[in-house]
Each structure stands twice: as C-alpha cells, then as structure tokens.
Amino acid sequence: MTTDRPTHADQPEHVRTDQPEHVRTDQPEHVRTTRAFYDAIAEDYAETFRDHPAAAPLDRALLAGFAELVGEGAPVADVGCGPGRVTGFLASRGLAVHGVDLSEAMLAIARRENPGLRFEQGSMFALDLPDGALAGLVSWYSTIHVPPEDLPAVYAEFRRVLAPGGLLLVAFQMGDEPRRHERPWGHPVTLDFRRMRPERIAELMEAAGFTLVQRTVREPDTRQGDPTPQAFLIARAPDGPAS
C-alpha cells in the first residue's frame, strides 16, 4: 500500500500543490489503481490477515529489534500501514508511531482497531511531514506497487523526512517477476505485486544517502502462506542534513 498530502504555505516548492494530494486528479495511474484496489478489498484483507504480525514470530522479532534500535518514544511513521496491525505492534513497543496509507477504507479499519493512534491518508511520494521529522520509518510491503522507475523518488522522500541517523525498515517479497492479483475475494479490481531483489533495493537506498545496517532473508514458508522468500532491509540516514 502506498500513500498523499495536504499542502501548507510553508512547504517547500517541490511539494506545494493547489489541492491535497489524495484528492488530486493528476496522480499517476498506479497510485489511483492502488488506492481503488485496497478500498475495494479492505474488509476482506483485514479479516484474512487478522493474525499478522501476531502469528508471525520472526516478523515480530524483526519489528521489535527495529523499535529497540530507534528508541522508546521516538517518532516513527508506518507508511502504507493498511489496517494498522504493524502500527499497533510498534506502538506496543513504546514508539510514538502513526500510520499513513492511500486507502481510506483501510484507514477506517486501522482507526477502528487502534482508537488511540493517529492514522492519515497520504502518499509515500509526498509525506505530510517536515524535513527530518522522524527517527524511524517503516515500509512494510508498501513499496511493492511502485513502478521500478519511481522507486528512487520514494527513497528520496523517505530520506527527506528522516532525521540525521534515522532508521528505515523496508520489507518486500523477493523475485524478478510481478504477480498479478485479479478479482481478489470476488472484487472487480486488479493490481500487480512487484517482487524485488535485495541487492537492487540496497543500491537505491545507498543512492538516496542511506547506509545499509542489516539485510535479512526469510526462506519460503508454505505453512504461513509464503511461497516466495521475504526480504527485510534496515538502513540508516546519514548524520548530516539531507541535501
């Protein structure tokens, strides 16, 4: 899941628009398609994956380690938060976390299940945050709908909103070919789920100024419904300000 942001007079020129990002009509097609897809399937998706990350001990361990690295009380954004289960877990680990997602239907579920947390509609291409606002950012399978040619812009935006030394956690399925999901749960929507190589994502992170901290690959686990390897990368923003 991806993310769009209201404009403010004091925003930099490169993100200033006449309308909030999530209601603009000139958004890229992949953004509009992703939002429509998750708006349609939100309730079915949330029910099917209601036990995640509760039933995924290795995922919980990685998220808990990330939370410890960032530090208790640190401001963190869960970008592409979906129904907010990862957001809620990170909050339980002591982080000052909020969720961002394109899909208002997903956000409705996140707010319903996590009434004490903040969730906002927005885009990972233009987060409604000042420069250096975050100590950590999590993109938990949320870049998988972004065309490869647009990924550098996403990592540049992640870099912009992270404070010097801030940490980025990205999760995705490994592979080379996208998987197309058509009519999930009978809904008349289609979306490509892009698989990626950790080496390529590490290159994109480094090009945006990050230093790779950890690279973890989890092998396929058919018992958990994972037919492909899963990759998890943690990277650190440079100590100096974003250029």
# chains A, B, ... in the order shown; residues from 1 in each chain; ligands from 1
call {"tool": "residues_around", "arguments": {"residues": "A:Ile109", "least_positions_apart": "3", "cutoff": "6 Å", "atoms": "only C-alpha atoms", "output": "list in words"}}
result
Pro83, Met106 and Arg112 of chain A
call {"tool": "write_last_selection", "arguments": {"atoms": "N, CA, C and O atoms", "output": "PDB file, in the first residue's frame"}}
result
ATOM      1  N   PRO A  83      -4.409  -1.931   7.478  1.00  0.00           N
ATOM      2  CA  PRO A  83      -5.326  -1.948   8.626  1.00  0.00           C
ATOM      3  C   PRO A  83      -4.673  -1.643   9.966  1.00  0.00           C
ATOM      4  O   PRO A  83      -5.325  -1.713  11.001  1.00  0.00           O
ATOM      5  N   MET A 106      -8.968   1.253   4.272  1.00  0.00           N
ATOM      6  CA  MET A 106      -8.000   0.629   5.175  1.00  0.00           C
ATOM      7  C   MET A 106      -7.810   1.478   6.423  1.00  0.00           C
ATOM      8  O   MET A 106      -7.722   0.955   7.544  1.00  0.00           O
ATOM      9  N   ARG A 112     -10.466   2.058  13.698  1.00  0.00           N
ATOM     10  CA  ARG A 112     -11.404   1.273  14.489  1.00  0.00           C
ATOM     11  C   ARG A 112     -10.679   0.321  15.435  1.00  0.00           C
ATOM     12  O   ARG A 112     -11.084   0.143  16.589  1.00  0.00           O
TER      13      ARG A 112
END
call {"tool": "residues_around", "arguments": {"residues": "stretch 162-167 of chain A", "least_positions_apart": "6", "cutoff": "9 Å", "atoms": "only C-alpha atoms", "output": "mmCIF file with N, CA and C atoms, in the first residue's frame"}}
result
data_model
loop_
_atom_site.group_PDB
_atom_site.id
_atom_site.type_symbol
_atom_site.label_atom_id
_atom_site.label_comp_id
_atom_site.auth_asym_id
_atom_site.auth_seq_id
_atom_site.Cartn_x
_atom_site.Cartn_y
_atom_site.Cartn_z
ATOM 1 N N PHE A 66 13.856 -3.451 15.482
ATOM 2 C CA PHE A 66 13.845 -2.115 14.885
ATOM 3 C C PHE A 66 13.395 -1.084 15.918
ATOM 4 N N LEU A 69 16.159 -0.331 18.300
ATOM 5 C CA LEU A 69 17.191 0.496 17.681
ATOM 6 C C LEU A 69 16.764 1.958 17.611
ATOM 7 N N VAL A 70 15.506 2.196 17.269
ATOM 8 C CA VAL A 70 15.008 3.570 17.151
ATOM 9 C C VAL A 70 14.935 4.230 18.517
ATOM 10 N N ASP A 131 10.935 18.256 6.964
ATOM 11 C CA ASP A 131 12.232 17.600 6.818
ATOM 12 C C ASP A 131 12.747 17.152 8.188
ATOM 13 N N GLY A 132 13.282 15.940 8.236
ATOM 14 C CA GLY A 132 13.918 15.452 9.447
ATOM 15 C C GLY A 132 13.001 15.238 10.628
ATOM 16 N N ALA A 133 11.717 14.971 10.373
ATOM 17 C CA ALA A 133 10.741 14.882 11.460
ATOM 18 C C ALA A 133 10.767 13.543 12.187
ATOM 19 N N LEU A 134 11.297 12.504 11.573
ATOM 20 C CA LEU A 134 11.147 11.149 12.095
ATOM 21 C C LEU A 134 12.477 10.548 12.546
ATOM 22 N N ALA A 135 12.400 9.734 13.577
ATOM 23 C CA ALA A 135 13.542 8.911 13.977
ATOM 24 C C ALA A 135 13.531 7.572 13.267
ATOM 25 N N GLY A 136 12.356 7.175 12.757
ATOM 26 C CA GLY A 136 12.241 5.898 12.070
ATOM 27 C C GLY A 136 11.088 5.892 11.093
ATOM 28 N N LEU A 137 11.212 5.091 10.059
ATOM 29 C CA LEU A 137 10.145 4.929 9.068
ATOM 30 C C LEU A 137 10.087 3.467 8.668
ATOM 31 N N VAL A 138 8.877 2.922 8.664
ATOM 32 C CA VAL A 138 8.658 1.535 8.279
ATOM 33 C C VAL A 138 7.843 1.500 6.993
ATOM 34 N N PHE A 210 21.441 6.551 2.207
ATOM 35 C CA PHE A 210 21.380 5.640 3.348
ATOM 36 C C PHE A 210 22.595 4.714 3.392
ATOM 37 N N VAL A 213 22.262 -1.246 7.220
ATOM 38 C CA VAL A 213 22.581 -1.734 8.560
ATOM 39 C C VAL A 213 22.396 -3.242 8.649
ATOM 40 N N ILE A 234 17.218 -2.921 6.761
ATOM 41 C CA ILE A 234 17.267 -1.763 7.647
ATOM 42 C C ILE A 234 18.443 -0.903 7.214
ATOM 43 N N ALA A 235 18.187 0.393 7.057
ATOM 44 C CA ALA A 235 19.234 1.323 6.639
ATOM 45 C C ALA A 235 19.181 2.571 7.513
ATOM 46 N N ARG A 236 20.322 3.247 7.596
ATOM 47 C CA ARG A 236 20.437 4.444 8.436
ATOM 48 C C ARG A 236 20.683 5.673 7.568
ATOM 49 N N ALA A 237 19.954 6.749 7.872
ATOM 50 C CA ALA A 237 20.188 8.021 7.193
ATOM 51 C C ALA A 237 21.515 8.599 7.650
ATOM 52 N N PRO A 238 22.174 9.373 6.800
ATOM 53 C CA PRO A 238 23.466 9.960 7.200
ATOM 54 C C PRO A 238 23.318 10.916 8.366
ATOM 55 N N ASP A 239 24.407 11.155 9.055
ATOM 56 C CA ASP A 239 24.379 12.015 10.232
ATOM 57 C C ASP A 239 24.164 13.489 9.889
ATOM 58 N N GLY A 240 24.512 13.881 8.684
ATOM 59 C CA GLY A 240 24.321 15.264 8.272
ATOM 60 C C GLY A 240 22.937 15.489 7.724
ATOM 61 N N PRO A 241 22.531 16.739 7.503
ATOM 62 C CA PRO A 241 21.203 17.032 6.959
ATOM 63 C C PRO A 241 21.073 16.554 5.530
ATOM 64 N N ALA A 242 19.807 16.314 5.115
ATOM 65 C CA ALA A 242 19.548 15.906 3.743
ATOM 66 C C ALA A 242 19.943 17.028 2.799
#
call {"tool": "atom_distance", "arguments": {"atom1": "atom CA of A:Asp39", "atom2": "atom CA of A:Leu102"}}
result
8.8 Å
call {"tool": "closest_residue", "arguments": {"among": "A:Ala56, A:Leu117, A:Ala64, A:Leu204", "to": "A:Arg218", "atoms": "only C-alpha atoms"}}
result
A:Ala56
call {"tool": "closest_residue", "arguments": {"among": "A:Glu206, A:Arg194, A:Glu68, A:Gln121", "to": "A:Val146", "atoms": "only C-alpha atoms"}}
result
A:Arg194
call {"tool": "residues_around", "arguments": {"residues": "stretch 85-99 of chain A", "least_positions_apart": "6", "cutoff": "7 Å", "atoms": "only C-alpha atoms", "output": "PyMOL selection string"}}
result
chain A and resi 52-53+64+67+72-79+114+117-120
call {"tool": "closest_residue", "arguments": {"among": "A:Glu104, A:Asp176, A:Asp150, A:Glu157", "to": "A:Met124", "atoms": "only C-alpha atoms"}}
result
A:Glu157
call {"tool": "atom_distance", "arguments": {"atom1": "atom CA of A:Leu169", "atom2": "atom CA of A:Ala54"}}
result
18.6 Å
call {"tool": "atom_distance", "arguments": {"atom1": "atom CA of A:Arg197", "atom2": "atom CA of A:Ala153"}}
result
17.9 Å
